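**Q** Here you go, this is work_10.pdb (PDB, C-alpha atoms).
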ATOM      1  CA  MET L   1       0.000   0.000   0.000
ATOM      2  CA  ASN L   2       1.262   3.459  -0.846
ATOM      3  CA  PRO L   3       2.103   5.726   2.096
ATOM      4  CA  GLU L   4      -0.400   8.378   3.057
ATOM      5  CA  PRO L   5       0.139  11.595   1.076
ATOM      6  CA  ALA L   6       1.565  13.468   4.073
ATOM      7  CA  GLN L   7       4.048  10.673   4.807
ATOM      8  CA  GLN L   8       4.982  10.423   1.146
ATOM      9  CA  MET L   9       5.519  14.169   0.962
ATOM     10  CA  PHE L  10       7.678  14.071   4.097
ATOM     11  CA  GLN L  11       9.852  11.401   2.495
ATOM     12  CA  LEU L  12      10.235  13.577  -0.595
ATOM     13  CA  ILE L  13      11.116  16.800   1.201
ATOM     14  CA  SER L  14      13.622  15.058   3.491
ATOM     15  CA  GLY L  15      15.360  13.226   0.645
ATOM     16  CA  GLY L  16      18.172  15.762   0.595
ATOM     17  CA  LEU L  17      19.253  14.624   4.054
ATOM     18  CA  VAL L  18      19.531  11.045   2.816
ATOM     19  CA  ALA L  19      21.638  12.177  -0.130
ATOM     20  CA  GLN L  20      23.937  14.310   2.008
ATOM     21  CA  SER L  21      24.381  11.502   4.548
ATOM     22  CA  ILE L  22      25.442   9.150   1.764
ATOM     23  CA  SER L  23      27.860  11.810   0.501
ATOM     24  CA  VAL L  24      29.442  12.093   3.955
ATOM     25  CA  ALA L  25      29.935   8.320   4.176
ATOM     26  CA  ALA L  26      31.434   8.342   0.676
ATOM     27  CA  GLU L  27      33.771  11.215   1.507
ATOM     28  CA  LEU L  28      34.972   9.381   4.634
ATOM     29  CA  GLY L  29      35.558   6.170   2.664
ATOM     30  CA  ILE L  30      33.507   4.043   5.071
ATOM     31  CA  ALA L  31      32.703   1.409   2.447
ATOM     32  CA  ASP L  32      36.398   0.975   1.612
ATOM     33  CA  LEU L  33      37.125   0.353   5.301
ATOM     34  CA  LEU L  34      34.465  -2.375   5.338
ATOM     35  CA  ALA L  35      35.618  -4.047   2.121
ATOM     36  CA  HIS L  36      37.340  -6.912   3.948
ATOM     37  CA  GLY L  37      34.796  -7.472   6.685
ATOM     38  CA  PRO L  38      32.724  -5.889   9.479
ATOM     39  CA  LYS L  39      34.198  -3.178  11.673
ATOM     40  CA  ALA L  40      33.034  -1.557  14.915
ATOM     41  CA  THR L  41      32.094   2.109  15.058
ATOM     42  CA  ALA L  42      35.141   2.895  17.224
ATOM     43  CA  HIS L  43      37.484   1.412  14.600
ATOM     44  CA  LEU L  44      35.793   3.353  11.788
ATOM     45  CA  ALA L  45      35.859   6.581  13.789
ATOM     46  CA  THR L  46      39.547   6.210  14.604
ATOM     47  CA  SER L  47      40.401   5.388  10.999
ATOM     48  CA  THR L  48      38.569   8.421   9.675
ATOM     49  CA  GLY L  49      39.291  10.858  12.502
ATOM     50  CA  VAL L  50      35.665  11.639  13.306
ATOM     51  CA  ASP L  51      33.409  11.643  16.365
ATOM     52  CA  ALA L  52      32.331   8.071  17.148
ATOM     53  CA  GLY L  53      28.916   8.987  18.513
ATOM     54  CA  LYS L  54      27.980  11.108  15.517
ATOM     55  CA  LEU L  55      29.337   8.499  13.113
ATOM     56  CA  TYR L  56      27.212   5.816  14.758
ATOM     57  CA  ARG L  57      24.083   7.908  14.309
ATOM     58  CA  LEU L  58      24.945   8.591  10.656
ATOM     59  CA  LEU L  59      25.457   4.896   9.946
ATOM     60  CA  ARG L  60      22.308   3.930  11.876
ATOM     61  CA  PHE L  61      20.307   6.324   9.709
ATOM     62  CA  LEU L  62      21.867   5.011   6.510
ATOM     63  CA  ALA L  63      21.238   1.437   7.612
ATOM     64  CA  SER L  64      17.552   2.316   7.967
ATOM     65  CA  VAL L  65      17.419   3.029   4.226
ATOM     66  CA  GLY L  66      19.450  -0.031   3.226
ATOM     67  CA  VAL L  67      22.934   1.485   3.110
ATOM     68  CA  PHE L  68      25.212  -0.458   5.558
ATOM     69  CA  ALA L  69      24.071  -3.032   8.134
ATOM     70  CA  GLU L  70      24.781  -3.486  11.845
ATOM     71  CA  ASP L  71      25.135  -6.922  13.461
ATOM     72  CA  ALA L  72      24.246  -8.009  16.966
ATOM     73  CA  HIS L  73      27.732  -7.076  18.199
ATOM     74  CA  GLY L  74      27.528  -3.509  16.857
ATOM     75  CA  ALA L  75      29.824  -4.084  13.891
ATOM     76  CA  TRP L  76      29.039  -2.529  10.535
ATOM     77  CA  SER L  77      29.128  -4.317   7.195
ATOM     78  CA  LEU L  78      28.337  -3.639   3.560
ATOM     79  CA  THR L  79      24.959  -4.122   1.942
ATOM     80  CA  PRO L  80      24.526  -4.284  -1.854
ATOM     81  CA  LEU L  81      23.833  -0.527  -1.846
ATOM     82  CA  ALA L  82      26.796   0.249   0.395
ATOM     83  CA  ASP L  83      29.048  -1.855  -1.827
ATOM     84  CA  LEU L  84      28.508   0.713  -4.585
ATOM     85  CA  LEU L  85      30.316   3.238  -2.375
ATOM     86  CA  ARG L  86      33.568   1.242  -2.502
ATOM     87  CA  SER L  87      36.175   2.944  -4.656
ATOM     88  CA  GLU L  88      36.997  -0.279  -6.500
ATOM     89  CA  ALA L  89      33.457  -1.621  -6.931
ATOM     90  CA  PRO L  90      32.734  -2.564 -10.573
ATOM     91  CA  GLN L  91      29.952   0.032 -10.757
ATOM     92  CA  SER L  92      31.287   2.320  -8.044
ATOM     93  CA  MET L  93      29.226   5.419  -7.337
ATOM     94  CA  ARG L  94      31.518   6.772  -4.629
ATOM     95  CA  ALA L  95      32.834   9.583  -6.813
ATOM     96  CA  GLY L  96      29.302  10.564  -7.775
ATOM     97  CA  ALA L  97      28.264  10.756  -4.130
ATOM     98  CA  ARG L  98      31.355  12.791  -3.271
ATOM     99  CA  MET L  99      30.825  15.180  -6.167
ATOM    100  CA  LEU L 100      27.200  15.884  -5.330
ATOM    101  CA  GLY L 101      28.102  16.350  -1.678
ATOM    102  CA  ARG L 102      30.790  18.882  -2.571
ATOM    103  CA  MET L 103      28.381  20.751  -4.818
ATOM    104  CA  ALA L 104      25.520  20.682  -2.317
ATOM    105  CA  ALA L 105      25.788  24.422  -1.703
ATOM    106  CA  ALA L 106      24.112  24.889  -5.087
ATOM    107  CA  TRP L 107      20.833  23.222  -4.111
ATOM    108  CA  PRO L 108      19.590  25.967  -1.725
ATOM    109  CA  ARG L 109      20.024  28.445  -4.600
ATOM    110  CA  LEU L 110      17.557  26.589  -6.835
ATOM    111  CA  GLY L 111      14.715  28.920  -5.868
ATOM    112  CA  GLU L 112      16.798  31.902  -6.937
ATOM    113  CA  THR L 113      17.540  30.113 -10.199
ATOM    114  CA  VAL L 114      13.833  29.706 -10.885
ATOM    115  CA  ARG L 115      13.095  33.329  -9.948
ATOM    116  CA  THR L 116      15.961  35.009 -11.795
ATOM    117  CA  GLY L 117      17.217  32.527 -14.384
ATOM    118  CA  GLN L 118      20.722  32.648 -12.894
ATOM    119  CA  CYS L 119      22.626  29.376 -12.428
ATOM    120  CA  ALA L 120      22.510  27.902  -8.907
ATOM    121  CA  TYR L 121      26.121  26.684  -9.028
ATOM    122  CA  THR L 122      27.431  30.068 -10.117
ATOM    123  CA  LEU L 123      25.412  31.798  -7.408
ATOM    124  CA  ALA L 124      26.820  29.429  -4.769
ATOM    125  CA  PHE L 125      30.472  29.266  -5.865
ATOM    126  CA  GLY L 126      30.996  32.542  -7.690
ATOM    127  CA  ARG L 127      32.060  30.982 -11.017
ATOM    128  CA  PRO L 128      30.465  28.693 -13.631
ATOM    129  CA  ILE L 129      31.112  25.037 -12.864
ATOM    130  CA  PHE L 130      33.719  24.261 -15.534
ATOM    131  CA  GLU L 131      35.654  27.457 -14.834
ATOM    132  CA  ASP L 132      35.502  26.662 -11.130
ATOM    133  CA  LEU L 133      36.722  23.082 -11.599
ATOM    134  CA  ALA L 134      39.710  24.366 -13.571
ATOM    135  CA  HIS L 135      40.820  26.010 -10.293
ATOM    136  CA  LYS L 136      40.095  22.904  -8.169
ATOM    137  CA  PRO L 137      42.149  19.953  -9.440
ATOM    138  CA  GLU L 138      40.995  17.563  -6.720
ATOM    139  CA  ASP L 139      37.333  18.332  -7.352
ATOM    140  CA  ALA L 140      37.931  18.130 -11.109
ATOM    141  CA  ALA L 141      39.352  14.613 -10.759
ATOM    142  CA  ILE L 142      36.369  13.605  -8.619
ATOM    143  CA  PHE L 143      34.070  15.130 -11.241
ATOM    144  CA  ASP L 144      35.692  13.023 -13.979
ATOM    145  CA  SER L 145      35.232   9.859 -11.924
ATOM    146  CA  ALA L 146      31.684  10.899 -11.075
ATOM    147  CA  MET L 147      30.805  11.005 -14.757
ATOM    148  CA  THR L 148      31.828   7.349 -14.908
ATOM    149  CA  SER L 149      29.724   6.728 -11.787
ATOM    150  CA  PHE L 150      26.663   8.219 -13.404
ATOM    151  CA  HIS L 151      27.156   7.288 -17.043
ATOM    152  CA  GLY L 152      29.505   4.295 -17.151
ATOM    153  CA  GLY L 153      26.656   1.852 -17.690
ATOM    154  CA  GLU L 154      25.626   3.720 -20.813
ATOM    155  CA  THR L 155      28.793   2.835 -22.718
ATOM    156  CA  ASP L 156      28.068  -0.825 -23.447
ATOM    157  CA  ALA L 157      24.398  -0.001 -24.008
ATOM    158  CA  VAL L 158      25.303   2.526 -26.703
ATOM    159  CA  LEU L 159      27.840   0.239 -28.373
ATOM    160  CA  ASN L 160      25.309  -2.603 -28.378
ATOM    161  CA  ALA L 161      22.593  -0.415 -29.887
ATOM    162  CA  TYR L 162      24.444   1.578 -32.533
ATOM    163  CA  SER L 163      26.884   0.346 -35.187
ATOM    164  CA  TYR L 164      30.147   2.241 -35.673
ATOM    165  CA  ASP L 165      30.988   0.177 -38.774
ATOM    166  CA  GLY L 166      32.595   2.238 -41.525
ATOM    167  CA  ILE L 167      34.208   4.729 -39.131
ATOM    168  CA  ALA L 168      37.981   4.675 -39.545
ATOM    169  CA  VAL L 169      38.644   7.813 -37.468
ATOM    170  CA  LEU L 170      36.321   8.834 -34.639
ATOM    171  CA  ALA L 171      36.662  12.267 -33.017
ATOM    172  CA  ASP L 172      35.339  12.630 -29.461
ATOM    173  CA  ILE L 173      34.568  16.293 -28.784
ATOM    174  CA  GLY L 174      34.671  17.065 -25.057
ATOM    175  CA  CYS L 175      36.110  13.636 -24.377
ATOM    176  CA  GLY L 176      36.650  13.885 -20.609
ATOM    177  CA  ILE L 177      38.878  11.061 -19.424
ATOM    178  CA  GLY L 178      38.235   9.139 -22.656
ATOM    179  CA  ALA L 179      36.172   6.297 -21.217
ATOM    180  CA  MET L 180      33.771   6.189 -24.158
ATOM    181  CA  MET L 181      36.587   6.282 -26.700
ATOM    182  CA  ALA L 182      38.550   3.545 -24.938
ATOM    183  CA  ALA L 183      35.516   1.263 -24.950
ATOM    184  CA  THR L 184      34.713   2.033 -28.585
ATOM    185  CA  LEU L 185      38.268   1.314 -29.730
ATOM    186  CA  GLY L 186      38.092  -1.927 -27.771
ATOM    187  CA  ARG L 187      35.085  -2.964 -29.854
ATOM    188  CA  TYR L 188      36.541  -1.755 -33.162
ATOM    189  CA  PRO L 189      40.240  -2.740 -33.341
ATOM    190  CA  ASP L 190      40.888  -1.015 -36.688
ATOM    191  CA  MET L 191      39.490   2.337 -35.582
ATOM    192  CA  ARG L 192      41.617   5.301 -34.522
ATOM    193  CA  GLY L 193      40.529   8.027 -32.155
ATOM    194  CA  VAL L 194      40.982  11.783 -31.873
ATOM    195  CA  LEU L 195      40.220  13.097 -28.396
ATOM    196  CA  PHE L 196      39.513  16.800 -28.018
ATOM    197  CA  ASP L 197      39.123  18.747 -24.779
ATOM    198  CA  GLN L 198      40.739  21.467 -22.705
ATOM    199  CA  ALA L 199      44.425  21.010 -21.926
ATOM    200  CA  HIS L 200      43.944  20.459 -18.185
ATOM    201  CA  VAL L 201      41.394  17.711 -18.927
ATOM    202  CA  LEU L 202      43.649  15.932 -21.424
ATOM    203  CA  GLU L 203      46.288  15.441 -18.739
ATOM    204  CA  ARG L 204      43.861  13.014 -17.076
ATOM    205  CA  THR L 205      42.711  11.621 -20.420
ATOM    206  CA  ALA L 206      46.207  10.501 -21.371
ATOM    207  CA  ALA L 207      46.623   8.499 -18.175
ATOM    208  CA  HIS L 208      43.281   6.733 -18.669
ATOM    209  CA  LEU L 209      44.093   5.806 -22.267
ATOM    210  CA  GLN L 210      47.413   4.305 -21.168
ATOM    211  CA  VAL L 211      45.686   2.151 -18.566
ATOM    212  CA  SER L 212      43.068   1.115 -21.141
ATOM    213  CA  GLY L 213      45.754   0.011 -23.599
ATOM    214  CA  VAL L 214      44.587   2.154 -26.527
ATOM    215  CA  ALA L 215      46.904   5.162 -26.246
ATOM    216  CA  ASP L 216      48.852   4.153 -29.361
ATOM    217  CA  ARG L 217      45.692   4.472 -31.455
ATOM    218  CA  CYS L 218      44.754   7.928 -30.184
ATOM    219  CA  SER L 219      45.645  11.541 -30.844
ATOM    220  CA  LEU L 220      44.971  14.163 -28.176
ATOM    221  CA  VAL L 221      44.182  17.710 -29.270
ATOM    222  CA  ALA L 222      43.610  20.618 -26.873
ATOM    223  CA  GLY L 223      41.345  23.548 -27.600
ATOM    224  CA  SER L 224      37.914  25.105 -27.203
ATOM    225  CA  PHE L 225      34.999  23.518 -29.017
ATOM    226  CA  PHE L 226      33.396  26.942 -29.276
ATOM    227  CA  GLU L 227      36.149  27.958 -31.701
ATOM    228  CA  GLU L 228      37.369  24.990 -33.745
ATOM    229  CA  VAL L 229      37.708  21.217 -33.601
ATOM    230  CA  PRO L 230      40.075  18.818 -35.421
ATOM    231  CA  PRO L 231      39.048  18.353 -39.071
ATOM    232  CA  GLY L 232      38.747  15.251 -41.211
ATOM    233  CA  ALA L 233      37.273  12.517 -38.980
ATOM    234  CA  ASP L 234      34.676  10.067 -40.320
ATOM    235  CA  ALA L 235      32.431  10.697 -37.330
ATOM    236  CA  TYR L 236      32.246  13.230 -34.526
ATOM    237  CA  THR L 237      30.748  12.196 -31.231
ATOM    238  CA  MET L 238      29.752  14.062 -28.092
ATOM    239  CA  ARG L 239      28.417  12.383 -24.969
ATOM    240  CA  HIS L 240      26.647  14.579 -22.418
ATOM    241  CA  ILE L 241      28.125  17.778 -23.860
ATOM    242  CA  LEU L 242      25.311  19.747 -25.469
ATOM    243  CA  HIS L 243      23.109  19.370 -22.408
ATOM    244  CA  ASP L 244      25.570  21.576 -20.509
ATOM    245  CA  TRP L 245      24.819  24.610 -22.683
ATOM    246  CA  HIS L 246      22.078  26.983 -23.869
ATOM    247  CA  ASP L 247      20.878  26.768 -27.476
ATOM    248  CA  ASP L 248      23.056  29.638 -28.733
ATOM    249  CA  GLN L 249      26.130  28.023 -27.166
ATOM    250  CA  CYS L 250      25.207  24.637 -28.664
ATOM    251  CA  ILE L 251      24.829  26.245 -32.067
ATOM    252  CA  ALA L 252      28.351  27.653 -31.680
ATOM    253  CA  ILE L 253      29.725  24.208 -30.785
ATOM    254  CA  LEU L 254      27.851  22.532 -33.625
ATOM    255  CA  GLY L 255      28.981  25.295 -35.984
ATOM    256  CA  ALA L 256      32.621  24.543 -35.168
ATOM    257  CA  ILE L 257      31.999  20.871 -35.941
ATOM    258  CA  ARG L 258      30.154  21.752 -39.158
ATOM    259  CA  ARG L 259      33.204  23.685 -40.372
ATOM    260  CA  ALA L 260      35.448  20.682 -39.694
ATOM    261  CA  ILE L 261      33.302  17.703 -40.657
ATOM    262  CA  PRO L 262      33.693  16.098 -44.117
ATOM    263  CA  GLU L 263      30.530  15.855 -46.197
ATOM    264  CA  HIS L 264      30.440  12.045 -45.894
ATOM    265  CA  ALA L 265      30.810  12.023 -42.119
ATOM    266  CA  ARG L 266      28.219  11.790 -39.354
ATOM    267  CA  LEU L 267      27.630  13.489 -36.057
ATOM    268  CA  LEU L 268      26.664  11.311 -33.076
ATOM    269  CA  ILE L 269      25.146  13.028 -30.045
ATOM    270  CA  ILE L 270      24.802  10.712 -27.055
ATOM    271  CA  GLU L 271      22.284  12.192 -24.630
ATOM    272  CA  THR L 272      18.861  11.651 -23.178
ATOM    273  CA  VAL L 273      15.819  12.625 -25.211
ATOM    274  CA  VAL L 274      13.073  14.040 -23.011
ATOM    275  CA  PRO L 275       9.754  12.334 -23.793
ATOM    276  CA  THR L 276       6.511  14.222 -24.025
ATOM    277  CA  GLY L 277       4.076  14.061 -21.123
ATOM    278  CA  ASN L 278       4.700  13.937 -17.384
ATOM    279  CA  ASP L 279       5.472  10.270 -16.799
ATOM    280  CA  PRO L 280       8.681   9.559 -14.824
ATOM    281  CA  SER L 281      11.873   9.614 -16.884
ATOM    282  CA  PRO L 282      15.573   9.773 -15.937
ATOM    283  CA  SER L 283      15.887  12.609 -18.437
ATOM    284  CA  LYS L 284      13.718  14.840 -16.233
ATOM    285  CA  LEU L 285      15.937  14.249 -13.194
ATOM    286  CA  PHE L 286      19.041  14.903 -15.303
ATOM    287  CA  ASP L 287      17.389  18.097 -16.535
ATOM    288  CA  MET L 288      17.166  19.427 -12.971
ATOM    289  CA  PHE L 289      20.879  18.712 -12.463
ATOM    290  CA  MET L 290      21.569  20.577 -15.699
ATOM    291  CA  MET L 291      19.524  23.565 -14.585
ATOM    292  CA  ALA L 292      21.268  23.776 -11.209
ATOM    293  CA  LEU L 293      24.893  22.995 -12.086
ATOM    294  CA  PRO L 294      26.078  23.953 -15.595
ATOM    295  CA  ASP L 295      22.918  25.951 -16.488
ATOM    296  CA  GLY L 296      22.089  23.627 -19.375
ATOM    297  CA  LEU L 297      19.132  21.413 -20.252
ATOM    298  CA  GLU L 298      18.091  18.005 -21.510
ATOM    299  CA  ARG L 299      16.245  18.307 -24.842
ATOM    300  CA  THR L 300      13.234  16.888 -26.611
ATOM    301  CA  GLU L 301      13.469  15.545 -30.156
ATOM    302  CA  ALA L 302      12.000  18.809 -31.438
ATOM    303  CA  GLN L 303      14.642  20.833 -29.576
ATOM    304  CA  PHE L 304      17.415  18.718 -31.114
ATOM    305  CA  HIS L 305      15.949  19.408 -34.552
ATOM    306  CA  THR L 306      16.054  23.128 -33.811
ATOM    307  CA  ILE L 307      19.715  23.386 -32.828
ATOM    308  CA  LEU L 308      20.870  20.973 -35.541
ATOM    309  CA  ASN L 309      18.977  22.759 -38.315
ATOM    310  CA  ALA L 310      20.417  26.088 -37.143
ATOM    311  CA  SER L 311      23.952  24.662 -37.388
ATOM    312  CA  GLY L 312      23.951  23.133 -40.860
ATOM    313  CA  PHE L 313      22.927  19.593 -39.881
ATOM    314  CA  ARG L 314      19.826  17.463 -40.319
ATOM    315  CA  LEU L 315      18.719  14.895 -37.782
ATOM    316  CA  THR L 316      18.730  11.508 -39.532
ATOM    317  CA  GLY L 317      17.821   9.130 -36.733
ATOM    318  CA  ILE L 318      17.511   8.465 -33.027
ATOM    319  CA  THR L 319      18.629   5.064 -31.740
ATOM    320  CA  ALA L 320      17.472   4.206 -28.243
ATOM    321  CA  SER L 321      19.718   2.114 -25.996
ATOM    322  CA  ALA L 322      19.162  -0.058 -22.931
ATOM    323  CA  SER L 323      20.073   2.974 -20.791
ATOM    324  CA  PRO L 324      18.702   6.501 -20.378
ATOM    325  CA  VAL L 325      20.616   7.803 -23.418
ATOM    326  CA  SER L 326      20.016   7.554 -27.144
ATOM    327  CA  VAL L 327      22.302   8.096 -30.125
ATOM    328  CA  ILE L 328      21.057  11.127 -32.056
ATOM    329  CA  GLU L 329      22.573  10.870 -35.538
ATOM    330  CA  ALA L 330      22.907  13.905 -37.781
ATOM    331  CA  ARG L 331      24.484  14.585 -41.169
ATOM    332  CA  PRO L 332      25.843  17.795 -42.680
ATOM    333  CA  VAL L 333      23.654  19.584 -45.233
TER
END
Could you render the structure as structure tokens?

**A**
Amino acid sequence: MNPEPAQQMFQLISGGLVAQSISVAAELGIADLLAHGPKATAHLATSTGVDAGKLYRLLRFLASVGVFAEDAHGAWSLTPLADLLRSEAPQSMRAGARMLGRMAAAWPRLGETVRTGQCAYTLAFGRPIFEDLAHKPEDAAIFDSAMTSFHGGETDAVLNAYSYDGIAVLADIGCGIGAMMAATLGRYPDMRGVLFDQAHVLERTAAHLQVSGVADRCSLVAGSFFEEVPPGADAYTMRHILHDWHDDQCIAILGAIRRAIPEHARLLIIETVVPTGNDPSPSKLFDMFMMALPDGLERTEAQFHTILNASGFRLTGITASASPVSVIEARPV
């Protein structure tokens, strides 16, 4: 039976406390300390340098929502949810929890965002998110890992849904750490990659490509995608890039690609497509993150048509995947 409306509403309005409590546990690395077996509160408190009484209450609260478990002797252990907070878990979400915790000062500014149109993150931190991260290398590294936390499961889903056959050179515009490119090159051994991002990002990209074993098949190019991108690739891809920006900024990015893209090539935009109506959809949650943090938006199919048509492209197909994202394919006109 569904909870009474008042109880349901209370659960909704107090959800931020759950999220912040998870972020604190992730920041402290509690799940990593429990990776090899249960530990008492005193041990965890000593290891993390925190107050034992307050830590116990935090863990008790998290256990009540399925994150961590306490045995009869007062020792804490991992649950399936808590396991996702381990740094080395196959689908680790620790970085995502840490990132959202560190950016939590933006959430109280959401009302001001709605009233004034100004970005909540900029209001809270004094600079737009990507400019701010350029001055915070530790947070920037966590942000990169958080993108894998949130979007890592999309990679195989996209590669299973959409064929990259016929692409000899793939350019990834706004590549981040290169996770999508590394996986794509793993599937297509004859393909080469061009990875394009800001110089401070590419320092982390290079290390990831070395670990992935595909560095010898990649070129790294630094620059601003508002100005120009490397020419001559058979396909240009962007994953979760356009949703960071307003339409006029997207048209500038797409215009730079249009100037570089050969006539035979294709543009692949990997993002959510917001469905019509008010049924639940991950895209609508992502859209709220976009509004609060980079001041962007998730788009409907019609909105993708608008920005593509304004940039010298035509939308030629949308391929859904077994994840929240689709592959929006466009061709130059």

**Q** Quick one: of L:Ala120, L:Leu268, L:Leu62, L:Leu81, who's nearest to Ala171 (chain L), counting only C-alpha atoms?

**A**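 Ranking L:Ala120, L:Leu268, L:Leu62, L:Leu81 by distance to Ala171 (chain L), first place goes to L:Leu268.
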
**Q** Can you list, as a ChimeraX atom specification, the residues that the PyMOL selection byres ((chain L and resi 163) around 12) selects here?

**A** /L:156-162,164-167,184,187-188,235,268,319,321,327,329

**Q** Take the PyMOL selection byres ((chain L and resi 199) around 12), run it mentally on this structure, and tell me the resulting residues as a PyMOL selection string.

**A** chain L and resi 134+174-177+195-198+200-206+220-224

**Q** In terms of the shortest atom-to-atom distance over all atoms listed in the file, which of L:Pro38, L:Gly117, L:Gly277, L:Gly96 is closest to Ala140 (chain L)?

**A**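 Comparing L:Pro38, L:Gly117, L:Gly277, L:Gly96 against Ala140 (chain L), the winner is L:Gly96.
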
**Q** When you draw a straight line from CA of Val114 (chain L) to CA of Leu297 (chain L), how long is it in Å?

**A**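 Taking CA of Val114 (chain L) as the start and CA of Leu297 (chain L) as the end point, the length is 13.6 Å.
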